[in-house]
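Note: the block below is protein_11.txt and it holds compact mmCIF, C-alpha atoms and all ligand atoms.
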# COMPACT_ATOMS: atom_id res chain seq x y z
CA MET A 1 49.94 -6.16 -23.33
CA LYS A 2 48.49 -3.64 -25.76
CA VAL A 3 50.96 -3.65 -28.68
CA LEU A 4 51.19 -1.02 -31.39
CA LEU A 5 52.60 -2.83 -34.42
CA VAL A 6 53.75 -0.54 -37.25
CA ASP A 7 54.99 -2.01 -40.51
CA ASP A 8 54.49 -0.92 -44.12
CA SER A 9 54.71 -4.50 -45.43
CA PRO A 10 51.25 -6.13 -45.34
CA VAL A 11 52.79 -9.61 -45.28
CA ASP A 12 55.12 -8.83 -42.35
CA ARG A 13 52.23 -7.13 -40.54
CA VAL A 14 50.04 -10.22 -40.84
CA ILE A 15 52.83 -12.56 -39.64
CA SER A 16 53.84 -10.38 -36.68
CA GLU A 17 50.21 -9.80 -35.71
CA ALA A 18 49.51 -13.54 -35.74
CA PHE A 19 52.53 -14.18 -33.47
CA LEU A 20 51.47 -11.48 -31.06
CA LEU A 21 47.86 -12.62 -30.94
CA GLU A 22 49.04 -16.16 -30.29
CA LEU A 23 51.14 -14.87 -27.38
CA GLY A 24 47.96 -13.35 -25.94
CA HIS A 25 48.60 -9.67 -26.75
CA GLU A 26 46.15 -7.11 -28.08
CA VAL A 27 47.36 -5.60 -31.36
CA ILE A 28 46.82 -2.17 -32.95
CA LEU A 29 48.07 -1.92 -36.52
CA GLY A 30 49.75 1.01 -38.28
CA GLU A 31 51.45 1.35 -41.66
CA ASN A 32 53.94 4.19 -41.23
CA GLY A 33 55.60 6.52 -38.71
CA GLN A 34 52.93 9.18 -39.01
CA GLN A 35 50.22 6.66 -38.17
CA ALA A 36 52.37 5.35 -35.33
CA LEU A 37 52.27 8.82 -33.72
CA GLU A 38 48.51 9.14 -34.12
CA LEU A 39 47.77 5.59 -32.90
CA TYR A 40 50.16 6.01 -29.98
CA ARG A 41 48.26 9.08 -28.76
CA GLU A 42 44.89 7.50 -29.40
CA HIS A 43 45.48 4.06 -27.86
CA ASP A 44 48.22 4.57 -25.25
CA PRO A 45 49.88 1.18 -25.98
CA ASP A 46 52.15 -0.70 -23.53
CA ILE A 47 54.78 -1.34 -26.19
CA ILE A 48 55.57 -0.29 -29.77
CA LEU A 49 57.01 -2.67 -32.37
CA MET A 50 57.99 -0.59 -35.38
CA ASP A 51 59.64 -1.20 -38.70
CA GLU A 52 62.47 1.24 -39.34
CA VAL A 53 62.27 1.79 -43.11
CA MET A 54 58.76 3.01 -43.95
CA PRO A 55 57.20 5.58 -46.30
CA VAL A 56 55.73 8.93 -45.06
CA MET A 57 57.75 8.79 -41.81
CA ARG A 58 60.56 6.40 -40.86
CA GLY A 59 60.61 4.53 -37.59
CA HIS A 60 63.48 6.55 -36.10
CA GLU A 61 61.69 9.81 -36.78
CA ALA A 62 58.48 8.53 -35.21
CA ALA A 63 60.43 7.31 -32.14
CA LYS A 64 62.09 10.74 -31.79
CA ALA A 65 58.70 12.47 -32.00
CA ILE A 66 57.19 10.14 -29.39
CA ARG A 67 60.09 10.68 -27.00
CA ALA A 68 60.08 14.45 -27.56
CA HIS A 69 56.41 15.05 -26.82
CA GLU A 70 55.43 12.38 -24.33
CA ASP A 71 56.39 12.18 -20.65
CA ASN A 72 55.13 8.65 -20.51
CA TRP A 73 57.88 6.18 -21.43
CA VAL A 74 56.78 3.20 -23.49
CA PRO A 75 59.22 0.56 -24.81
CA ILE A 76 59.97 0.88 -28.54
CA ILE A 77 61.42 -2.09 -30.40
CA PHE A 78 62.56 -1.61 -33.99
CA LEU A 79 61.97 -4.35 -36.53
CA SER A 80 64.44 -4.63 -39.37
CA ALA A 81 65.47 -7.17 -41.99
CA ARG A 82 69.08 -6.13 -41.70
CA PHE A 83 70.82 -3.93 -39.19
CA THR A 84 74.36 -2.81 -38.64
CA ALA A 85 76.06 -1.50 -35.49
CA GLU A 86 75.41 2.02 -36.83
CA ASP A 87 71.68 1.23 -37.32
CA ILE A 88 71.41 0.00 -33.75
CA THR A 89 73.20 3.09 -32.39
CA ALA A 90 70.99 5.41 -34.44
CA GLY A 91 67.85 3.58 -33.32
CA ILE A 92 68.77 3.73 -29.64
CA ASP A 93 69.74 7.42 -30.02
CA ALA A 94 66.34 8.08 -31.60
CA GLY A 95 64.66 6.73 -28.46
CA GLY A 96 64.29 3.03 -29.29
CA ASP A 97 65.01 0.38 -26.69
CA ASP A 98 65.84 -2.72 -28.72
CA TYR A 99 65.99 -4.32 -32.14
CA LEU A 100 64.35 -7.45 -33.52
CA ALA A 101 65.47 -9.10 -36.75
CA LYS A 102 62.95 -9.80 -39.49
CA PRO A 103 61.60 -12.33 -40.29
CA LEU A 104 60.48 -12.53 -36.71
CA ASP A 105 61.23 -15.61 -34.69
CA GLN A 106 58.26 -16.21 -32.41
CA GLN A 107 60.38 -17.52 -29.55
CA VAL A 108 62.72 -14.49 -29.63
CA LEU A 109 59.70 -12.19 -29.91
CA ALA A 110 58.10 -13.85 -26.87
CA ALA A 111 61.33 -13.48 -24.85
CA LYS A 112 61.76 -9.80 -25.77
CA MET A 113 58.11 -9.07 -25.00
CA LYS A 114 58.57 -10.71 -21.60
CA ALA A 115 61.68 -8.63 -20.88
CA MET A 116 59.97 -5.39 -21.92
CA GLU A 117 56.89 -6.22 -19.87
CA ARG A 118 59.15 -6.74 -16.86
CA ILE A 119 60.86 -3.37 -17.37
CA SER A 120 57.52 -1.68 -17.96
CA LYS A 121 56.09 -3.11 -14.72
CA MET A 122 59.17 -2.04 -12.76
CA ARG A 123 58.85 1.44 -14.19
CA GLN A 124 55.16 1.55 -13.31
CA ARG A 125 55.99 0.50 -9.75
CA LEU A 126 58.67 3.18 -9.58
CA LEU A 127 56.18 5.79 -10.78
CA GLU A 128 53.68 4.69 -8.13
CA VAL A 129 56.31 4.86 -5.40
CA SER A 130 57.46 8.32 -6.48
CA GLU A 131 53.84 9.53 -6.63
CA ALA A 132 53.23 8.19 -3.12
CA LEU A 133 56.45 9.86 -1.96
CA GLU A 134 55.40 13.13 -3.51
CA SER A 135 52.01 13.14 -1.79
CA ALA A 136 53.65 12.08 1.50
CA ASN A 137 55.96 15.08 1.14
CA VAL A 138 53.03 17.42 0.52
CA GLU A 139 51.28 16.02 3.61
CA LEU A 140 54.47 16.33 5.69
CA LYS A 141 54.87 19.92 4.59
CA ARG A 142 51.27 20.62 5.56
CA LEU A 143 51.69 18.91 8.93
CA ALA A 144 54.83 20.92 9.63
CA ASP A 145 52.71 24.08 9.51
CA VAL A 146 49.70 22.85 11.47
CA ASP A 147 49.08 22.56 15.20
CA GLY A 148 48.27 18.92 15.99
CA LEU A 149 45.58 19.53 18.60
CA THR A 150 43.53 22.26 16.93
CA GLY A 151 44.31 22.11 13.22
CA LEU A 152 45.09 25.85 13.29
CA ALA A 153 48.35 27.19 11.88
CA ASN A 154 51.21 26.62 14.31
CA ARG A 155 53.62 29.19 15.67
CA ARG A 156 56.26 28.40 13.05
CA TYR A 157 53.87 29.06 10.18
CA MET A 158 52.39 32.11 11.89
CA ASP A 159 55.83 33.75 12.26
CA ARG A 160 56.50 33.28 8.56
CA PHE A 161 53.04 34.53 7.61
CA LEU A 162 53.33 37.58 9.85
CA SER A 163 56.68 38.74 8.53
CA HIS A 164 55.43 38.27 4.98
CA GLU A 165 52.28 40.30 5.73
CA VAL A 166 54.25 43.05 7.49
CA ALA A 167 56.35 43.44 4.35
CA ARG A 168 53.33 43.32 2.04
CA CYS A 169 51.18 45.76 4.04
CA SER A 170 54.16 48.09 4.36
CA ARG A 171 54.62 48.11 0.58
CA ASN A 172 50.90 48.71 -0.02
CA GLN A 173 50.55 51.07 2.95
CA GLU A 174 47.66 49.00 4.33
CA PRO A 175 46.77 48.54 8.00
CA LEU A 176 47.65 45.22 9.63
CA THR A 177 46.03 43.88 12.80
CA VAL A 178 47.28 41.32 15.29
CA ILE A 179 44.90 40.03 17.97
CA MET A 180 46.30 37.97 20.84
CA CYS A 181 43.73 35.81 22.67
CA ASP A 182 44.10 33.90 25.92
CA ILE A 183 41.61 31.65 27.72
CA ASP A 184 40.82 33.06 31.16
CA GLU A 185 41.88 31.13 34.24
CA PHE A 186 42.60 28.07 32.23
CA LYS A 187 44.94 26.64 34.85
CA ARG A 188 41.98 26.37 37.21
CA TYR A 189 39.92 24.77 34.44
CA ASN A 190 42.61 22.15 33.82
CA ASP A 191 43.13 21.51 37.50
CA PHE A 192 39.42 21.02 38.11
CA TYR A 193 38.22 19.25 34.93
CA GLY A 194 41.45 17.51 33.91
CA HIS A 195 43.79 17.86 30.96
CA LEU A 196 41.61 15.97 28.44
CA LYS A 197 38.64 18.27 29.05
CA GLY A 198 41.15 21.12 28.83
CA ASP A 199 42.19 19.92 25.38
CA ASP A 200 38.54 19.73 24.28
CA CYS A 201 38.02 23.28 25.47
CA ILE A 202 41.07 24.51 23.52
CA LYS A 203 39.72 22.79 20.39
CA MET A 204 36.30 24.46 20.74
CA ILE A 205 37.86 27.90 21.12
CA ALA A 206 40.11 27.20 18.12
CA ASN A 207 37.07 26.29 16.01
CA THR A 208 35.38 29.53 17.01
CA LEU A 209 38.46 31.53 16.00
CA MET A 210 38.76 29.69 12.71
CA SER A 211 35.11 30.16 11.76
CA SER A 212 35.06 33.83 12.83
CA SER A 213 37.99 35.07 10.74
CA LYS A 214 36.31 34.67 7.39
CA ARG A 215 38.55 36.41 4.88
CA ALA A 216 40.84 34.13 2.90
CA THR A 217 43.74 36.42 3.81
CA ASP A 218 43.17 36.11 7.60
CA LEU A 219 45.15 33.66 9.68
CA ALA A 220 44.16 32.02 12.96
CA ALA A 221 47.08 30.39 14.76
CA ARG A 222 47.77 28.61 18.02
CA PHE A 223 50.44 30.77 19.56
CA GLY A 224 51.14 28.21 22.29
CA GLY A 225 49.27 26.55 25.18
CA GLU A 226 45.93 28.32 25.65
CA GLU A 227 47.02 31.37 23.67
CA PHE A 228 45.98 32.13 20.10
CA ALA A 229 46.79 34.82 17.57
CA LEU A 230 44.79 36.25 14.71
CA ILE A 231 46.62 38.02 11.89
CA LEU A 232 44.30 40.20 9.85
CA PRO A 233 45.90 41.93 6.85
CA ASN A 234 44.30 45.06 5.42
CA THR A 235 41.93 45.39 8.38
CA THR A 236 41.04 48.67 10.10
CA GLU A 237 41.12 49.16 13.85
CA ALA A 238 37.32 49.47 14.01
CA ASP A 239 36.81 46.23 12.05
CA ALA A 240 39.35 44.41 14.23
CA ILE A 241 37.61 45.56 17.43
CA GLY A 242 34.25 44.45 15.99
CA LEU A 243 35.61 41.02 15.06
CA ALA A 244 37.31 40.53 18.45
CA GLU A 245 34.17 41.52 20.32
CA ASN A 246 32.17 39.10 18.17
CA ILE A 247 34.59 36.25 18.99
CA ARG A 248 34.54 37.09 22.70
CA LYS A 249 30.72 36.85 22.71
CA LYS A 250 30.73 33.62 20.68
CA VAL A 251 33.09 32.03 23.22
CA GLU A 252 30.73 33.03 26.03
CA GLU A 253 27.84 31.57 24.05
CA LEU A 254 29.65 28.24 23.78
CA ASP A 255 28.77 28.10 27.46
CA ILE A 256 31.58 25.73 28.42
CA MET A 257 31.08 25.32 32.15
CA HIS A 258 33.95 26.71 34.27
CA GLU A 259 32.93 26.44 37.90
CA LYS A 260 36.29 27.66 39.17
CA SER A 261 36.47 30.85 37.13
CA SER A 262 36.34 34.13 39.05
CA VAL A 263 35.05 35.83 35.89
CA LYS A 264 31.90 33.90 35.00
CA ASP A 265 30.55 30.37 35.36
CA CYS A 266 31.67 29.60 31.80
CA VAL A 267 34.94 29.75 29.84
CA THR A 268 35.83 33.26 28.64
CA LEU A 269 38.48 34.84 26.45
CA SER A 270 40.62 37.94 26.92
CA MET A 271 41.95 39.68 23.84
CA GLY A 272 44.52 42.35 22.99
CA ILE A 273 44.64 44.20 19.67
CA TYR A 274 47.38 46.05 17.90
CA ASN A 275 46.62 47.75 14.59
CA ASP A 276 48.87 49.93 12.45
CA VAL A 277 50.26 50.46 8.98
CA PRO A 278 53.69 48.76 9.13
CA THR A 279 56.80 50.88 8.75
CA LYS A 280 60.44 49.89 8.47
CA MET A 281 60.71 50.22 12.27
CA LEU A 282 57.72 47.98 13.01
CA ARG A 283 58.48 44.26 12.68
CA GLY A 284 56.21 41.24 13.16
CA GLU A 285 57.65 40.72 16.62
CA ASP A 286 56.61 44.27 17.61
CA TYR A 287 53.02 43.57 16.54
CA LEU A 288 52.99 40.48 18.76
CA ASN A 289 54.53 42.32 21.74
CA LEU A 290 52.17 45.29 21.50
CA ALA A 291 49.07 43.08 21.07
CA ASP A 292 50.33 41.06 24.06
CA LYS A 293 50.60 44.26 26.12
CA ALA A 294 46.96 45.01 25.31
CA LEU A 295 46.06 41.42 26.26
CA TYR A 296 47.90 41.81 29.57
CA HIS A 297 45.88 44.95 30.20
CA ALA A 298 42.66 43.00 29.52
CA LYS A 299 43.77 40.39 32.08
CA GLN A 300 44.67 43.05 34.64
CA THR A 301 41.39 44.87 34.31
CA GLY A 302 38.93 42.02 34.80
CA ARG A 303 39.39 39.51 31.89
CA ASN A 304 36.65 38.50 29.41
CA LYS A 305 37.26 41.69 27.45
CA VAL A 306 38.84 43.16 24.34
CA VAL A 307 41.50 45.84 24.81
CA ASN A 308 42.86 47.88 21.93
CA TYR A 309 46.50 48.94 22.44
CA SER A 310 45.86 52.55 21.41
CA ASP A 311 43.16 52.85 24.09
CA ILE A 312 45.55 52.02 26.94
CA ASP A 313 46.44 55.14 28.97
N1 LIG A 401 44.69 20.88 28.53
C1 LIG A 401 45.67 21.64 28.09
N2 LIG A 401 46.15 22.62 28.88
C2 LIG A 401 47.12 23.41 28.44
C3 LIG A 401 47.66 23.25 27.15
N3 LIG A 401 48.61 24.20 26.98
C4 LIG A 401 48.66 24.93 28.12
N4 LIG A 401 47.76 24.46 29.01
C5 LIG A 401 47.49 24.93 30.36
O1 LIG A 401 47.00 26.24 30.35
C6 LIG A 401 47.22 26.81 31.63
C7 LIG A 401 47.62 28.25 31.48
O2 LIG A 401 47.67 28.81 32.74
P1 LIG A 401 48.17 30.27 33.06
O3 LIG A 401 49.21 30.66 32.03
O4 LIG A 401 48.57 30.31 34.48
O5 LIG A 401 46.99 31.19 32.79
P2 LIG A 401 45.48 31.12 33.23
O6 LIG A 401 45.23 30.11 34.30
O7 LIG A 401 44.68 30.93 31.99
O8 LIG A 401 45.24 32.53 33.83
P3 LIG A 401 44.97 33.88 33.08
O9 LIG A 401 45.58 33.75 31.72
O10 LIG A 401 45.63 34.92 33.92
O11 LIG A 401 43.49 34.07 33.03
C8 LIG A 401 48.28 25.93 32.32
O12 LIG A 401 47.66 25.19 33.33
C9 LIG A 401 48.74 25.01 31.20
O13 LIG A 401 49.10 23.73 31.70
C10 LIG A 401 47.13 22.19 26.35
O14 LIG A 401 47.55 21.96 25.20
N5 LIG A 401 46.15 21.42 26.83
Starting from the file, give its structure as structure tokens.
Ligand SMILES: Nc1nc2c(ncn2[C@@H]2O[C@H](COP(=O)(O)OP(=O)(O)OP(=O)(O)O)[C@@H](O)[C@H]2O)c(=O)[nH]1
Amino acid sequence: MKVLLVDDSPVDRVISEAFLLELGHEVILGENGQQALELYREHDPDIILMDEVMPVMRGHEAAKAIRAHEDNWVPIIFLSARFTAEDITAGIDAGGDDYLAKPLDQQVLAAKMKAMERISKMRQRLLEVSEALESANVELKRLADVDGLTGLANRRYMDRFLSHEVARCSRNQEPLTVIMCDIDEFKRYNDFYGHLKGDDCIKMIANTLMSSSKRATDLAARFGGEEFALILPNTTEADAIGLAENIRKKVEELDIMHEKSSVKDCVTLSMGIYNDVPTKMLRGEDYLNLADKALYHAKQTGRNKVVNYSDID
């Protein structure tokens, strides 16, 4: 272990250092509490052996300062020629972990070092486990919001995002757009090419949606099955129509063969748009319903098209 040994007595320092070196430890030497603080920060030792009565700064004070400013726990053992029950209590209260009587007995020192090393290793293990748990929790939280097949936001996350954006755009009096998208005649695609090819197709469309909505504030989500939703805060109707039209073309250009489609010989997308500045009467659910109405209209009037709700007669 890397040991910080702090003692104002040169003789005691030499004796303790010799013992520690013989036990195979690396030793950093300090002469008072102030140096203990500086050397602790500089060398990050595994354990501190510190005399209590020292000039400049006493051992208890140094221990208190170390405990107050450092998150990282390191065992502190006080060295003292004479200690009472009160001394021990004060030392432990100051942040120390144990006492060793001076002159040091090498065998006792070796035993205490072993015990502290054991505790230190257990603590390290605990820290590693809690770090692993923390990152597993972050990953779980992320997975809870993501659709497994496409990597887009899932419905659960989208609902939360939408209600948050409705409130925000309402406060700022900004327009909010919802675009509902649905793959055309996808049942026929699945039936003809099989479910696995169907999944691949869904993934390709998802990638197109993700790469087309470029603003950091936009959200592309899998609404369910072969249906997707785009939530575009602070976006005008004209911009939303432009973006939807761009996505529709890009999907055509993917040129995913769909022999059974009545629309075209490749996979196509129908889209419905609803755009408005939210009011107290207009909730996230209303945006979804109205965009879905526009999507239904696109389906009814030939598919592979973008329909804006306000253009429906
Ligand atoms: N491969 C695959 N298929 C899915 C998934 N989710 C939904 N589907 C299929 O998508 C198809 C949707 O069919 P419909 O709702 O009838 O719509 P459609 O055939 O696309 O017809 P229109 O929407 O009217 O153009 C069904 O066959 C579902 O089984 C999925 O995760 N993977």
Hey, which residues sit close to ligand LIG 401 (chain A)? Say within 10 Å, counting all atoms listed in the file, and write them as a PyMOL selection string.
chain A and resi 148-150+181-191+193-203+222+224-227+261-263+268-270+295-296+298-300+302-304
Which residue is closest to Gln34 of chain A? Choose from A:Ala294, A:Val56, A:Met122, A:Ile15 and count all atoms listed in the file.
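Closest to Gln34 of chain A of all the choices is A:Val56.
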From the set A:His258, A:Arg41, A:Lys2, A:Arg156, which residue has the shortest atom-to-atom contact distance to Ile28 of chain A, counting only C-alpha atoms?
A:Lys2
Here's a test: counting all atoms listed in the file, identify every protein, DNA and RNA residue with an atom at most 10 Å from (54.6, -0.4, -27.1) in the file's coordinate frame, and state them as a PDB file with C-alpha atoms, keeping the file's coordinate frame.
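Output file point06.pdb follows:
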ATOM      1  CA  MET A   1      49.940  -6.160 -23.330  1.00  0.00           C
ATOM      2  CA  LYS A   2      48.490  -3.640 -25.760  1.00  0.00           C
ATOM      3  CA  VAL A   3      50.960  -3.650 -28.680  1.00  0.00           C
ATOM      4  CA  LEU A   4      51.190  -1.020 -31.390  1.00  0.00           C
ATOM      5  CA  LEU A   5      52.600  -2.830 -34.420  1.00  0.00           C
ATOM      6  CA  VAL A  27      47.360  -5.600 -31.360  1.00  0.00           C
ATOM      7  CA  ILE A  28      46.820  -2.170 -32.950  1.00  0.00           C
ATOM      8  CA  TYR A  40      50.160   6.010 -29.980  1.00  0.00           C
ATOM      9  CA  ASP A  44      48.220   4.570 -25.250  1.00  0.00           C
ATOM     10  CA  PRO A  45      49.880   1.180 -25.980  1.00  0.00           C
ATOM     11  CA  ASP A  46      52.150  -0.700 -23.530  1.00  0.00           C
ATOM     12  CA  ILE A  47      54.780  -1.340 -26.190  1.00  0.00           C
ATOM     13  CA  ILE A  48      55.570  -0.290 -29.770  1.00  0.00           C
ATOM     14  CA  LEU A  49      57.010  -2.670 -32.370  1.00  0.00           C
ATOM     15  CA  MET A  50      57.990  -0.590 -35.380  1.00  0.00           C
ATOM     16  CA  TRP A  73      57.880   6.180 -21.430  1.00  0.00           C
ATOM     17  CA  VAL A  74      56.780   3.200 -23.490  1.00  0.00           C
ATOM     18  CA  PRO A  75      59.220   0.560 -24.810  1.00  0.00           C
ATOM     19  CA  ILE A  76      59.970   0.880 -28.540  1.00  0.00           C
ATOM     20  CA  ILE A  77      61.420  -2.090 -30.400  1.00  0.00           C
ATOM     21  CA  MET A 113      58.110  -9.070 -25.000  1.00  0.00           C
ATOM     22  CA  MET A 116      59.970  -5.390 -21.920  1.00  0.00           C
ATOM     23  CA  GLU A 117      56.890  -6.220 -19.870  1.00  0.00           C
ATOM     24  CA  SER A 120      57.520  -1.680 -17.960  1.00  0.00           C
TER      25      SER A 120
END
What does the distance from atom CA of Glu31 of chain A to atom CA of Val11 of chain A come to in Å, to one decimal?
11.6 Å
In Å, how far is it from atom CA of Met210 of chain A to atom CA of Asn275 of chain A?
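Interatomic distance, atom CA of Met210 of chain A to atom CA of Asn275 of chain A: 19.8 Å.
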I want to know what sits within 8 Å of segment 63-69 of chain A, based on only C-alpha atoms, with residues of the same chain fewer than 4 positions away left out; could you give that as a PyMOL selection string?
chain A and resi 37+59+73+76+94-96
Counting only C-alpha atoms, the option among A:Glu22, A:Glu52, A:Glu42, A:Glu128 closest to Val6 of chain A
A:Glu52
Using all atoms listed in the file, find the one residue out of A:Ala85, A:Val277, A:Thr208, A:Ala144 that sits nearest to Leu254 of chain A.
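Closest candidate: A:Thr208.
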From A:Ala244, A:Glu285, A:Ala216, A:Leu29, residue lying nearest Met158 of chain A [all atoms listed in the file]
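Distance minimum relative to Met158 of chain A lands on A:Glu285.
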Dump as number ranges by chain all residues having an atom at most 9 Å from (37.6, 35.1, 17.3), computed in the file's coordinates with all atoms listed in the file.
A: 179, 181, 205-213, 220, 230, 243-251
Store the residues picked out above in a file with C-alpha atoms, as a short mmCIF file (atom, residue, chain, number, x, y, z; two decimals), in the frame of the given file.
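Listing of result_25.cif after writing:
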data_model
loop_
_atom_site.label_atom_id
_atom_site.label_comp_id
_atom_site.auth_asym_id
_atom_site.auth_seq_id
_atom_site.Cartn_x
_atom_site.Cartn_y
_atom_site.Cartn_z
CA ILE A 179 44.90 40.03 17.97
CA CYS A 181 43.73 35.81 22.67
CA ILE A 205 37.86 27.90 21.12
CA ALA A 206 40.11 27.20 18.12
CA ASN A 207 37.07 26.29 16.01
CA THR A 208 35.38 29.53 17.01
CA LEU A 209 38.46 31.53 16.00
CA MET A 210 38.76 29.69 12.71
CA SER A 211 35.11 30.16 11.76
CA SER A 212 35.06 33.83 12.83
CA SER A 213 37.99 35.07 10.74
CA ALA A 220 44.16 32.02 12.96
CA LEU A 230 44.79 36.25 14.71
CA LEU A 243 35.61 41.02 15.06
CA ALA A 244 37.31 40.53 18.45
CA GLU A 245 34.17 41.52 20.32
CA ASN A 246 32.17 39.10 18.17
CA ILE A 247 34.59 36.25 18.99
CA ARG A 248 34.54 37.09 22.70
CA LYS A 249 30.72 36.85 22.71
CA LYS A 250 30.73 33.62 20.68
CA VAL A 251 33.09 32.03 23.22
#
I'd like to know which of A:Lys121, A:His43, A:Arg155, A:Lys102 is closest to Ala229 of chain A, using only C-alpha atoms.
A:Arg155
Separation of atom CA of Glu252 of chain A and atom CA of Phe223 of chain A, in Å?
20.9 Å
